[in-house]
>>> print(open('entry.tsv').read())   # TSV, C-alpha atoms and all ligand atoms
chain	number	residue	atom	x	y	z
A	1	MET	CA	158.71	90.88	22.09
A	2	GLN	CA	155.46	89.00	21.92
A	3	LYS	CA	152.48	90.85	20.64
A	4	LYS	CA	149.24	89.77	22.19
A	5	ILE	CA	146.23	89.65	19.94
A	6	ARG	CA	143.42	91.02	21.96
A	7	LEU	CA	139.91	91.29	20.82
A	8	LYS	CA	138.11	94.40	21.49
A	9	LYS	CA	135.74	94.21	24.45
A	10	SER	CA	132.70	95.08	22.32
A	11	VAL	CA	133.33	92.16	19.96
A	12	VAL	CA	133.61	89.73	22.89
A	13	LYS	CA	130.28	90.95	24.18
A	14	LYS	CA	128.62	90.43	20.80
A	15	LEU	CA	129.97	86.90	20.51
A	16	LYS	CA	128.66	86.04	23.97
A	17	ILE	CA	125.16	87.24	23.05
A	18	LEU	CA	125.29	85.29	19.80
A	19	GLY	CA	126.36	82.16	21.69
A	20	SER	CA	123.53	82.53	24.17
A	21	ILE	CA	120.98	82.93	21.37
A	22	LEU	CA	122.35	79.82	19.70
A	23	ILE	CA	122.03	77.84	22.93
A	24	VAL	CA	118.45	79.06	23.45
A	25	ILE	CA	117.57	78.05	19.86
A	26	LEU	CA	119.10	74.62	20.37
A	27	VAL	CA	117.28	74.11	23.66
A	28	ILE	CA	113.97	75.10	22.04
A	29	PHE	CA	114.69	72.84	19.08
A	30	PHE	CA	115.48	69.82	21.27
A	31	PHE	CA	112.48	70.52	23.48
A	32	TYR	CA	110.21	70.76	20.40
A	33	SER	CA	111.67	67.56	18.91
A	34	SER	CA	111.17	65.64	22.13
A	35	GLN	CA	107.56	66.88	22.33
A	36	ILE	CA	106.89	65.75	18.75
A	37	HIS	CA	108.60	62.46	19.50
A	38	SER	CA	106.38	61.80	22.54
A	39	LEU	CA	103.40	61.95	20.14
A	40	THR	CA	104.84	60.16	17.10
A	41	LYS	CA	105.83	57.20	19.22
A	42	LEU	CA	102.11	56.84	20.08
A	43	GLY	CA	101.34	56.54	16.38
A	44	TYR	CA	100.50	60.19	15.60
A	45	SER	CA	101.87	61.52	12.33
A	46	VAL	CA	104.36	64.40	12.40
A	47	ASP	CA	101.74	66.59	10.77
A	48	ALA	CA	99.12	65.71	13.39
A	49	SER	CA	101.66	66.03	16.23
A	50	ARG	CA	102.60	69.55	15.13
A	51	LYS	CA	98.94	70.60	15.18
A	52	ILE	CA	98.42	68.95	18.57
A	53	LEU	CA	101.32	70.98	20.01
A	54	PHE	CA	100.31	74.31	18.53
A	55	GLN	CA	96.73	73.87	19.69
A	56	PHE	CA	97.94	72.99	23.19
A	57	LYS	CA	96.23	69.59	23.16
A	58	LYS	CA	99.28	67.52	23.99
A	59	GLU	CA	98.26	66.68	27.55
A	60	TYR	CA	94.81	65.61	26.37
A	61	VAL	CA	96.18	63.45	23.56
A	62	LEU	CA	98.72	61.80	25.87
A	63	SER	CA	95.92	60.96	28.28
A	64	VAL	CA	93.99	59.29	25.44
A	65	GLY	CA	97.07	57.51	24.07
A	66	GLU	CA	97.18	55.83	20.68
A	67	ASN	CA	94.05	56.72	18.71
A	68	LYS	CA	93.73	56.59	14.93
A	69	THR	CA	90.55	58.67	14.73
A	70	LEU	CA	92.16	61.43	16.79
A	71	ASN	CA	95.20	61.33	14.53
A	72	ALA	CA	92.94	61.63	11.47
A	73	ALA	CA	91.11	64.54	13.13
A	74	PHE	CA	94.31	66.53	13.69
A	75	GLU	CA	95.47	65.78	10.17
A	76	SER	CA	92.16	66.94	8.71
A	77	ASP	CA	91.07	70.45	7.75
A	78	ASP	CA	87.63	69.47	9.02
A	79	TYR	CA	88.86	69.19	12.63
A	80	LYS	CA	86.53	70.87	15.12
A	81	GLU	CA	87.82	71.42	18.63
A	82	LYS	CA	84.37	71.04	20.18
A	83	TYR	CA	84.15	67.42	18.97
A	84	LEU	CA	87.61	66.45	20.22
A	85	ASP	CA	86.34	64.11	22.91
A	86	GLN	CA	83.92	62.43	20.49
A	87	TYR	CA	86.61	61.82	17.87
A	88	SER	CA	88.60	59.88	20.44
A	89	LYS	CA	85.63	57.60	21.14
A	90	ILE	CA	84.64	56.77	17.56
A	91	ASP	CA	86.22	53.75	15.86
A	92	TYR	CA	88.56	54.60	13.02
A	93	GLN	CA	87.91	53.66	9.40
A	94	ASN	CA	90.25	54.38	6.52
A	95	HIS	CA	87.86	56.81	4.79
A	96	GLU	CA	88.86	59.90	2.88
A	97	HIS	CA	86.14	62.10	4.39
A	98	LEU	CA	86.13	60.43	7.80
A	99	ILE	CA	86.22	63.57	9.95
A	100	LYS	CA	83.84	65.53	7.75
A	101	ASN	CA	81.31	62.67	7.92
A	102	ILE	CA	81.78	62.26	11.68
A	103	ASN	CA	81.07	65.99	12.13
A	104	THR	CA	77.87	65.70	10.09
A	105	LEU	CA	76.71	62.59	11.97
A	106	ILE	CA	77.40	64.22	15.35
A	107	GLU	CA	75.38	67.23	14.23
A	108	LYS	CA	72.50	64.94	13.23
A	109	GLY	CA	72.42	63.68	16.80
A	110	TYR	CA	73.93	60.22	16.46
A	111	SER	CA	75.79	58.79	19.46
A	112	ASN	CA	79.46	57.85	19.29
A	113	ASP	CA	78.62	54.14	19.23
A	114	THR	CA	76.08	54.55	16.44
A	115	ILE	CA	78.56	56.60	14.40
A	116	SER	CA	81.15	53.84	14.82
A	117	MET	CA	78.54	51.36	13.63
A	118	ILE	CA	77.57	53.47	10.60
A	119	LEU	CA	81.22	53.91	9.57
A	120	ALA	CA	81.89	50.17	9.84
A	121	HIS	CA	79.10	49.19	7.42
A	122	GLY	CA	79.96	51.16	4.34
A	123	SER	CA	82.59	52.76	2.14
A	124	ASP	CA	83.51	56.44	2.35
A	125	GLU	CA	81.02	57.09	-0.43
A	126	ASP	CA	78.24	55.11	1.32
A	127	VAL	CA	78.76	57.04	4.55
A	128	THR	CA	78.84	60.38	2.72
A	129	GLU	CA	75.48	59.55	1.12
A	130	PHE	CA	74.05	58.27	4.39
A	131	ALA	CA	75.14	61.41	6.26
A	132	LYS	CA	72.89	63.48	3.99
A	133	ARG	CA	69.77	61.73	5.32
A	134	ASP	CA	67.69	62.75	8.28
A	135	LYS	CA	68.53	60.91	11.47
A	136	ILE	CA	67.33	57.30	11.50
A	137	ASN	CA	66.49	55.63	14.81
A	138	TYR	CA	66.99	51.95	15.61
A	139	LEU	CA	69.77	51.30	13.10
A	140	GLU	CA	70.90	48.49	15.40
A	141	GLU	CA	68.14	46.18	14.16
A	142	PHE	CA	70.03	45.57	10.92
A	143	TYR	CA	73.53	46.80	11.64
A	144	SER	CA	74.24	44.62	14.62
A	145	LEU	CA	74.88	42.06	11.84
A	146	PRO	CA	78.45	42.61	10.68
A	147	TYR	CA	77.64	41.94	7.03
A	148	ALA	CA	74.72	44.39	6.78
A	149	LYS	CA	75.46	47.11	4.21
A	150	LEU	CA	74.73	50.78	4.79
A	151	SER	CA	73.86	51.24	1.11
A	152	ASN	CA	71.10	48.61	1.41
A	153	TYR	CA	69.23	50.35	4.24
A	154	ASP	CA	66.12	51.33	2.26
A	155	ARG	CA	65.84	47.85	0.75
A	156	TYR	CA	66.11	46.23	4.21
A	157	VAL	CA	63.26	48.39	5.46
A	158	ALA	CA	61.14	47.76	2.36
A	159	TYR	CA	61.70	44.00	2.42
A	160	SER	CA	61.11	43.65	6.13
A	161	ASN	CA	57.91	45.76	5.96
A	162	GLU	CA	56.63	43.81	3.01
A	163	THR	CA	57.37	40.30	4.28
A	164	GLY	CA	57.58	40.64	8.05
A	165	GLU	CA	60.82	38.64	7.96
A	166	ASP	CA	63.29	38.94	10.84
A	167	ASP	CA	66.38	41.15	10.54
A	168	GLU	CA	68.77	38.31	9.83
A	169	THR	CA	66.71	36.88	6.96
A	170	THR	CA	66.07	40.36	5.60
A	171	VAL	CA	69.76	41.27	5.46
A	172	LEU	CA	70.62	37.91	3.92
A	173	VAL	CA	67.94	38.13	1.22
A	174	VAL	CA	68.71	41.73	0.27
A	175	ASN	CA	72.50	41.24	0.25
A	176	LEU	CA	71.91	38.39	-2.21
A	177	ASP	CA	69.65	40.68	-4.32
A	178	MET	CA	66.84	38.20	-3.77
A	179	ASP	CA	64.44	41.05	-3.11
A	180	LYS	CA	64.69	41.61	-6.87
A	181	GLU	CA	63.08	39.42	-9.52
A	182	ASN	CA	65.16	36.48	-10.76
A	183	TYR	CA	67.47	37.46	-13.65
A	184	GLU	CA	66.66	41.17	-13.15
A	185	ASP	CA	69.60	43.58	-13.04
A	186	PRO	CA	72.16	40.85	-12.22
A	187	VAL	CA	75.66	41.26	-10.83
A	188	ILE	CA	78.23	40.29	-13.47
A	189	VAL	CA	80.63	37.84	-11.84
A	190	SER	CA	84.24	38.71	-12.65
A	191	ASP	CA	86.11	37.03	-9.80
A	192	TYR	CA	86.79	33.65	-11.32
A	193	SER	CA	87.75	31.40	-8.44
A	194	THR	CA	86.63	28.08	-6.99
A	195	ASP	CA	84.42	30.02	-4.55
A	196	MET	CA	82.61	32.17	-7.12
A	197	LEU	CA	78.87	32.44	-6.67
A	198	VAL	CA	76.72	32.10	-9.76
A	199	ASN	CA	72.95	32.02	-9.36
A	200	LYS	CA	69.78	33.69	-10.65
A	201	HIS	CA	71.11	37.09	-9.54
A	202	ARG	CA	74.75	36.67	-10.48
A	203	SER	CA	75.72	35.97	-14.06
A	204	LEU	CA	78.78	34.96	-16.04
A	205	THR	CA	79.42	36.71	-19.35
A	206	LYS	CA	78.67	34.98	-22.63
A	207	ASP	CA	82.35	34.48	-23.43
A	208	TYR	CA	83.41	33.06	-20.05
A	209	VAL	CA	85.19	29.71	-20.37
A	210	PRO	CA	87.17	28.22	-17.44
A	211	SER	CA	90.89	28.72	-18.11
A	212	ASP	CA	91.74	25.21	-16.88
A	213	LEU	CA	89.02	23.31	-18.75
A	214	VAL	CA	89.89	19.62	-19.26
A	215	SER	CA	87.93	16.73	-20.69
A	216	ILE	CA	86.79	13.99	-18.33
A	217	ASP	CA	87.84	10.40	-18.94
A	218	GLU	CA	84.95	8.08	-19.80
A	219	GLU	CA	85.86	5.94	-16.79
A	220	TYR	CA	84.23	8.64	-14.66
A	221	ALA	CA	81.52	9.90	-17.00
A	222	ALA	CA	78.42	8.75	-18.84
A	223	ASP	CA	79.98	9.58	-22.22
A	224	ASP	CA	83.13	11.06	-23.75
A	225	THR	CA	81.81	14.62	-24.12
A	226	GLN	CA	82.19	15.69	-20.48
A	227	ALA	CA	84.58	18.40	-19.30
A	228	GLY	CA	85.27	20.51	-16.24
A	229	SER	CA	87.67	22.78	-14.45
A	230	ARG	CA	90.86	20.78	-13.78
A	231	ILE	CA	90.76	21.28	-10.00
A	232	ALA	CA	87.15	20.06	-9.77
A	233	VAL	CA	87.76	17.12	-12.10
A	234	ASN	CA	90.77	15.99	-10.06
A	235	ALA	CA	88.77	16.30	-6.84
A	236	PHE	CA	85.99	14.26	-8.40
A	237	ILE	CA	88.43	11.51	-9.39
A	238	GLN	CA	89.68	11.33	-5.78
A	239	MET	CA	86.09	11.10	-4.58
A	240	TYR	CA	85.20	8.53	-7.24
A	241	LYS	CA	88.08	6.29	-6.13
A	242	ALA	CA	87.17	6.59	-2.44
A	243	ALA	CA	83.55	5.69	-3.23
A	244	LYS	CA	84.73	2.77	-5.34
A	245	ASN	CA	86.81	1.53	-2.41
A	246	ASP	CA	83.69	1.59	-0.26
A	247	GLY	CA	81.79	-0.35	-2.93
A	248	TYR	CA	79.90	2.51	-4.66
A	249	ASP	CA	79.87	3.55	-8.28
A	250	LEU	CA	79.55	7.25	-9.13
A	251	VAL	CA	79.25	8.73	-12.61
A	252	ILE	CA	79.23	12.25	-14.07
A	253	ASN	CA	76.12	12.69	-16.23
A	254	SER	CA	76.56	16.36	-17.01
A	255	SER	CA	79.38	18.82	-16.42
A	256	TYR	CA	80.72	21.96	-18.10
A	257	ARG	CA	78.23	23.65	-20.38
A	258	SER	CA	79.10	26.72	-22.43
A	259	TYR	CA	76.75	29.68	-22.62
A	260	GLU	CA	75.52	28.51	-26.01
A	261	GLU	CA	74.95	24.95	-24.77
A	262	GLN	CA	72.96	26.31	-21.83
A	263	GLU	CA	70.87	28.27	-24.29
A	264	GLU	CA	70.15	25.04	-26.21
A	265	THR	CA	69.38	23.19	-22.97
A	266	CYS	CA	66.83	25.85	-22.05
A	267	ASN	CA	65.21	25.63	-25.46
A	268	THR	CA	65.05	21.85	-25.32
A	269	TYR	CA	63.36	21.80	-21.90
A	270	ARG	CA	61.09	24.67	-22.88
A	271	GLY	CA	59.88	22.58	-25.82
A	272	LEU	CA	59.45	19.44	-23.70
A	273	TYR	CA	57.99	20.72	-20.43
A	274	GLY	CA	57.18	24.40	-20.90
A	275	GLU	CA	58.35	27.69	-19.46
A	276	ASN	CA	57.56	26.88	-15.81
A	277	TYR	CA	59.84	23.88	-15.82
A	278	VAL	CA	62.68	26.00	-17.21
A	279	LYS	CA	62.04	28.63	-14.54
A	280	ASN	CA	62.26	26.11	-11.69
A	281	TYR	CA	64.84	23.60	-12.85
A	282	VAL	CA	67.02	25.15	-15.53
A	283	ALA	CA	69.09	28.28	-15.27
A	284	LEU	CA	69.06	30.78	-18.12
A	285	PRO	CA	72.32	31.09	-20.08
A	286	GLY	CA	74.99	32.89	-18.03
A	287	PHE	CA	73.23	32.00	-14.78
A	288	SER	CA	74.15	28.31	-14.72
A	289	GLU	CA	76.85	26.94	-12.45
A	290	HIS	CA	77.64	24.45	-15.19
A	291	GLN	CA	79.35	27.28	-17.09
A	292	THR	CA	81.88	27.58	-14.24
A	293	GLY	CA	83.19	24.06	-14.92
A	294	LEU	CA	82.90	23.48	-11.16
A	295	ALA	CA	79.47	21.82	-11.13
A	296	PHE	CA	78.66	18.21	-11.96
A	297	ASP	CA	75.40	16.33	-12.17
A	298	ILE	CA	76.29	13.06	-10.50
A	299	GLY	CA	74.55	9.73	-10.82
A	300	SER	CA	74.82	6.17	-9.63
A	301	ARG	CA	75.78	3.35	-11.98
A	302	ASN	CA	73.70	1.06	-9.77
A	303	SER	CA	70.42	2.96	-9.73
A	304	ASN	CA	68.37	5.16	-12.02
A	305	ILE	CA	67.04	7.33	-9.24
A	306	PHE	CA	70.08	8.95	-7.66
A	307	ALA	CA	68.23	10.33	-4.63
A	308	GLU	CA	67.25	6.79	-3.69
A	309	SER	CA	70.65	5.21	-4.36
A	310	LEU	CA	73.29	4.09	-1.87
A	311	GLU	CA	75.69	6.35	-3.79
A	312	TYR	CA	73.57	9.35	-2.82
A	313	GLU	CA	73.72	8.32	0.82
A	314	TRP	CA	77.49	7.96	0.56
A	315	MET	CA	77.77	11.43	-1.02
A	316	GLN	CA	75.74	12.97	1.82
A	317	GLU	CA	78.41	11.92	4.30
A	318	ASN	CA	81.56	12.11	2.20
A	319	ALA	CA	81.35	14.67	-0.63
A	320	TYR	CA	82.58	17.55	1.58
A	321	LYS	CA	85.86	15.70	2.24
A	322	TYR	CA	86.69	16.20	-1.44
A	323	GLY	CA	85.48	19.80	-1.62
A	324	PHE	CA	81.98	19.18	-2.98
A	325	ILE	CA	78.60	20.34	-1.70
A	326	GLN	CA	75.11	19.36	-2.73
A	327	ARG	CA	74.19	22.74	-4.10
A	328	PHE	CA	70.38	22.65	-4.14
A	329	PRO	CA	68.96	20.61	-1.23
A	330	ALA	CA	65.23	20.86	-0.60
A	331	LYS	CA	65.76	22.74	2.67
A	332	TYR	CA	67.40	25.69	0.85
A	333	GLU	CA	64.90	26.05	-1.98
A	334	ALA	CA	63.80	29.45	-0.69
A	335	ILE	CA	67.31	30.83	-0.68
A	336	THR	CA	68.84	29.17	-3.77
A	337	GLY	CA	65.76	29.74	-5.91
A	338	PHE	CA	66.08	26.18	-7.23
A	339	ARG	CA	63.91	23.16	-6.53
A	340	ALA	CA	65.81	20.30	-4.92
A	341	GLU	CA	68.39	18.73	-7.22
A	342	PRO	CA	69.94	15.79	-5.37
A	343	TRP	CA	72.31	15.15	-8.28
A	344	HIS	CA	73.81	18.60	-8.68
A	345	TYR	CA	77.14	18.97	-6.86
A	346	ARG	CA	79.42	21.95	-6.86
A	347	TYR	CA	83.14	22.07	-6.15
A	348	VAL	CA	83.92	24.86	-3.65
A	349	GLY	CA	87.14	23.52	-2.12
A	350	LYS	CA	87.61	21.50	1.05
A	351	LYS	CA	87.61	24.38	3.53
A	352	ILE	CA	84.27	25.82	2.42
A	353	ALA	CA	82.67	22.40	1.87
A	354	LYS	CA	83.62	21.36	5.41
A	355	TYR	CA	82.23	24.55	6.92
A	356	ILE	CA	78.98	24.17	5.00
A	357	TYR	CA	78.70	20.51	6.05
A	358	GLU	CA	79.39	21.24	9.71
A	359	ASN	CA	77.24	24.35	10.02
A	360	ASP	CA	74.42	23.26	7.77
A	361	ILE	CA	74.08	26.41	5.68
A	362	SER	CA	73.63	27.11	1.98
A	363	PHE	CA	76.46	28.35	-0.22
A	364	GLU	CA	74.53	31.61	-0.60
A	365	GLU	CA	74.65	32.15	3.18
A	366	TYR	CA	78.33	31.26	3.24
A	367	TYR	CA	78.94	33.82	0.51
A	368	VAL	CA	77.20	36.60	2.44
A	369	LEU	CA	79.02	35.74	5.66
A	370	PHE	CA	82.53	35.29	4.35
A	371	LEU	CA	83.05	36.05	0.68
A	372	ASP	CA	81.10	39.18	-0.15
A	373	SER	CA	83.74	41.90	0.09
A	374	GLU	CA	81.72	44.75	-1.38
A	375	SER	CA	80.38	45.72	2.04
B	1	ZN	ZN	73.28	20.55	-12.59
>>> encode(input="entry.tsv", output="structure tokens")
Amino acid sequence: MQKKIRLKKSVVKKLKILGSILIVILVIFFFYSSQIHSLTKLGYSVDASRKILFQFKKEYVLSVGENKTLNAAFESDDYKEKYLDQYSKIDYQNHEHLIKNINTLIEKGYSNDTISMILAHGSDEDVTEFAKRDKINYLEEFYSLPYAKLSNYDRYVAYSNETGEDDETTVLVVNLDMDKENYEDPVIVSDYSTDMLVNKHRSLTKDYVPSDLVSIDEEYAADDTQAGSRIAVNAFIQMYKAAKNDGYDLVINSSYRSYEEQEETCNTYRGLYGENYVKNYVALPGFSEHQTGLAFDIGSRNSNIFAESLEYEWMQENAYKYGFIQRFPAKYEAITGFRAEPWHYRYVGKKIAKYIYENDISFEEYYVLFLDSES
């Protein structure tokens, strides 16, 4: 006889309830996951998505769509619901205190567009400092220029009030530290590349020697003591040969000078022509481009006055093709701080030399526009 195993009715009932609970939990779990997924696929982090759901802002966020500032707001402990709409309209920056600073700037009365502009012109630290100030009107006059720096605001105002210069000149001059005295409080250049900027506000250290220093063959130089950075020397040789082909004869009269040699040069000229001459024509040690190994004083073997030679004319039209620029033309005296030096050429590479040739700007301006990454 077969004995049927029968569960008691009460046990069956319990199992059914348990099963139902399990199904409900699974449904909730899948629903929750799909809700989170609808947000994460728009670029919101899981952390931000969770907060969006629990604060019942999902519909709003979906209507906005992908938005990095909104994501940062929901991730942040500084999130304030009343500013939700503003967060979504302010451009994102990767700043640690982004939301805290946005809150402060909103409370100061800045518009969304102005806040976006403020955030785009400084680091997290710059914005934090700026947010402590009273509200400033008309920030656009300087900050419509993409390279204007938030941290320079007071100097822009001071320079523009003092000189009456337009906004563009003001920002350029201050970004180059040219509102300070020559040689005062200089930037120490540590990015050793063919596009480094060394001038009366930007100095090399005493021990800086180009890592690829090579001596220059006498075929190309006035004597056998000349040297330069390998890349610049090779570019010069290319240029020399091209000029030769066209019937011109270039020569390097002066090239790499160490810090100590620059010191001697200064002393020599000081003795010969006095302090004013040194100020205008010679750079103090550390502040000379000759220490980079990328600058050459070029002459003509056919003429004593280079500026009046056919070689000079040839250089005007051709130097950029080999990566060289005339560094101190008369028209840029105000910005370079040097009187015209028709003989002084600087290797900056073909790309930069071509841009400078085509757009007729100084290397200082090029630096502010494209190379200055501190902003
Ligand atoms: Zn020179």
>>> residues_near_ligand(input="entry.tsv", ligand="ligand ZN 1 (chain B)", cutoff="9 Å", atoms="all atoms listed in the file", output="PyMOL selection string")
chain A and resi 254-255+281-282+288-290+295-298+327+341+343-346
>>> closest_residue(input="entry.tsv", among="A:Ile102, A:Leu176, A:Leu250, A:Leu22", to="Leu371 in chain A", atoms="all atoms listed in the file")
A:Leu176
>>> closest_residue(input="entry.tsv", among="A:Glu168, A:Tyr248, A:Pro285, A:Phe130", to="Glu264 in chain A", atoms="all atoms listed in the file")
A:Pro285
>>> residues_around(input="entry.tsv", residues="Ser123 in chain A", least_positions_apart="2", cutoff="9 Å", atoms="only C-alpha atoms", output="PyMOL selection string")
chain A and resi 94-95+119-121+125-128+150-151+374-375
>>> residues_around(input="entry.tsv", residues="Val189 in chain A", least_positions_apart="4", cutoff="7 Å", atoms="all atoms listed in the file", output="number ranges by chain")
A: 202-204
>>> residues_around(input="entry.tsv", residues="Glu311 in chain A", least_positions_apart="4", cutoff="12 Å", atoms="all atoms listed in the file", output="MDAnalysis selection string")
chainID A and resid 239:240 242:244 246:251 298:307 315:319 342:343
>>> write_last_selection(input="entry.tsv", atoms="C-alpha atoms", output="mmCIF file, in the frame of the given file")
data_model
loop_
_atom_site.group_PDB
_atom_site.id
_atom_site.type_symbol
_atom_site.label_atom_id
_atom_site.label_comp_id
_atom_site.auth_asym_id
_atom_site.auth_seq_id
_atom_site.Cartn_x
_atom_site.Cartn_y
_atom_site.Cartn_z
ATOM 1 C CA MET A 239 86.090 11.100 -4.580
ATOM 2 C CA TYR A 240 85.200 8.530 -7.240
ATOM 3 C CA ALA A 242 87.170 6.590 -2.440
ATOM 4 C CA ALA A 243 83.550 5.690 -3.230
ATOM 5 C CA LYS A 244 84.730 2.770 -5.340
ATOM 6 C CA ASP A 246 83.690 1.590 -0.260
ATOM 7 C CA GLY A 247 81.790 -0.350 -2.930
ATOM 8 C CA TYR A 248 79.900 2.510 -4.660
ATOM 9 C CA ASP A 249 79.870 3.550 -8.280
ATOM 10 C CA LEU A 250 79.550 7.250 -9.130
ATOM 11 C CA VAL A 251 79.250 8.730 -12.610
ATOM 12 C CA ILE A 298 76.290 13.060 -10.500
ATOM 13 C CA GLY A 299 74.550 9.730 -10.820
ATOM 14 C CA SER A 300 74.820 6.170 -9.630
ATOM 15 C CA ARG A 301 75.780 3.350 -11.980
ATOM 16 C CA ASN A 302 73.700 1.060 -9.770
ATOM 17 C CA SER A 303 70.420 2.960 -9.730
ATOM 18 C CA ASN A 304 68.370 5.160 -12.020
ATOM 19 C CA ILE A 305 67.040 7.330 -9.240
ATOM 20 C CA PHE A 306 70.080 8.950 -7.660
ATOM 21 C CA ALA A 307 68.230 10.330 -4.630
ATOM 22 C CA MET A 315 77.770 11.430 -1.020
ATOM 23 C CA GLN A 316 75.740 12.970 1.820
ATOM 24 C CA GLU A 317 78.410 11.920 4.300
ATOM 25 C CA ASN A 318 81.560 12.110 2.200
ATOM 26 C CA ALA A 319 81.350 14.670 -0.630
ATOM 27 C CA PRO A 342 69.940 15.790 -5.370
ATOM 28 C CA TRP A 343 72.310 15.150 -8.280
#
>>> closest_residue(input="entry.tsv", among="A:Ser76, A:Thr169, A:Ser49, A:Asn234", to="Phe324 in chain A", atoms="only C-alpha atoms")
A:Asn234
>>> residues_around(input="entry.tsv", residues="Ala334 in chain A", least_positions_apart="5", cutoff="10 Å", atoms="all atoms listed in the file", output="number ranges by chain")
A: 173, 178, 339
>>> atom_distance(input="entry.tsv", atom1="CA of Thr265 in chain A", atom2="CA of Ile325 in chain A")
23.4 Å
>>> residues_around(input="entry.tsv", residues="Tyr143 in chain A", least_positions_apart="4", cutoff="9 Å", atoms="only C-alpha atoms", output="MDAnalysis selection string")
chainID A and resid 117:118 121 139 147:150
>>> write_last_selection(input="entry.tsv", atoms="C-alpha atoms", output="JSON list (two decimals), in the coordinates of the input")
[["chain", "number", "residue", "atom", "x", "y", "z"],
["A", 117, "MET", "CA", 78.54, 51.36, 13.63],
["A", 118, "ILE", "CA", 77.57, 53.47, 10.60],
["A", 121, "HIS", "CA", 79.10, 49.19, 7.42],
["A", 139, "LEU", "CA", 69.77, 51.30, 13.10],
["A", 147, "TYR", "CA", 77.64, 41.94, 7.03],
["A", 148, "ALA", "CA", 74.72, 44.39, 6.78],
["A", 149, "LYS", "CA", 75.46, 47.11, 4.21],
["A", 150, "LEU", "CA", 74.73, 50.78, 4.79]]
>>> closest_residue(input="entry.tsv", among="A:Met196, A:Val24, A:Leu98, A:Leu53", to="Ile36 in chain A", atoms="all atoms listed in the file")
A:Leu53
>>> atom_distance(input="entry.tsv", atom1="CA of Lys351 in chain A", atom2="CA of Gln291 in chain A")
22.4 Å
>>> closest_residue(input="entry.tsv", among="A:Asn175, A:Thr69, A:Asn245, A:Gln238", to="Tyr320 in chain A", atoms="only C-alpha atoms")
A:Gln238
>>> residues_near_point(input="entry.tsv", point="(60.8, 45.2, 5.7)", cutoff="12 Å", atoms="all atoms listed in the file", output="list of chain:residue names")
A:Glu141, A:Phe142, A:Asn152, A:Tyr153, A:Asp154, A:Arg155, A:Tyr156, A:Val157, A:Ala158, A:Tyr159, A:Ser160, A:Asn161, A:Glu162, A:Thr163, A:Gly164, A:Glu165, A:Asp166, A:Asp167, A:Glu168, A:Thr169, A:Thr170, A:Val171, A:Val173, A:Val174, A:Asp179
>>> axis_aligned_box(input="entry.tsv", around="range 160-177 of chain A", padding_each_side="8 Å", output="JSON")
{"center_x": 64.6, "center_y": 41.3, "center_z": 3.3, "size_x": 31.9, "size_y": 24.9, "size_z": 31.2}
>>> closest_residue(input="entry.tsv", among="A:Leu284, A:Ala353, A:Leu172, A:Ala72", to="Asp372 in chain A", atoms="only C-alpha atoms")
A:Leu172
>>> atom_distance(input="entry.tsv", atom1="CA of Phe338 in chain A", atom2="CA of Asn280 in chain A")
5.9 Å
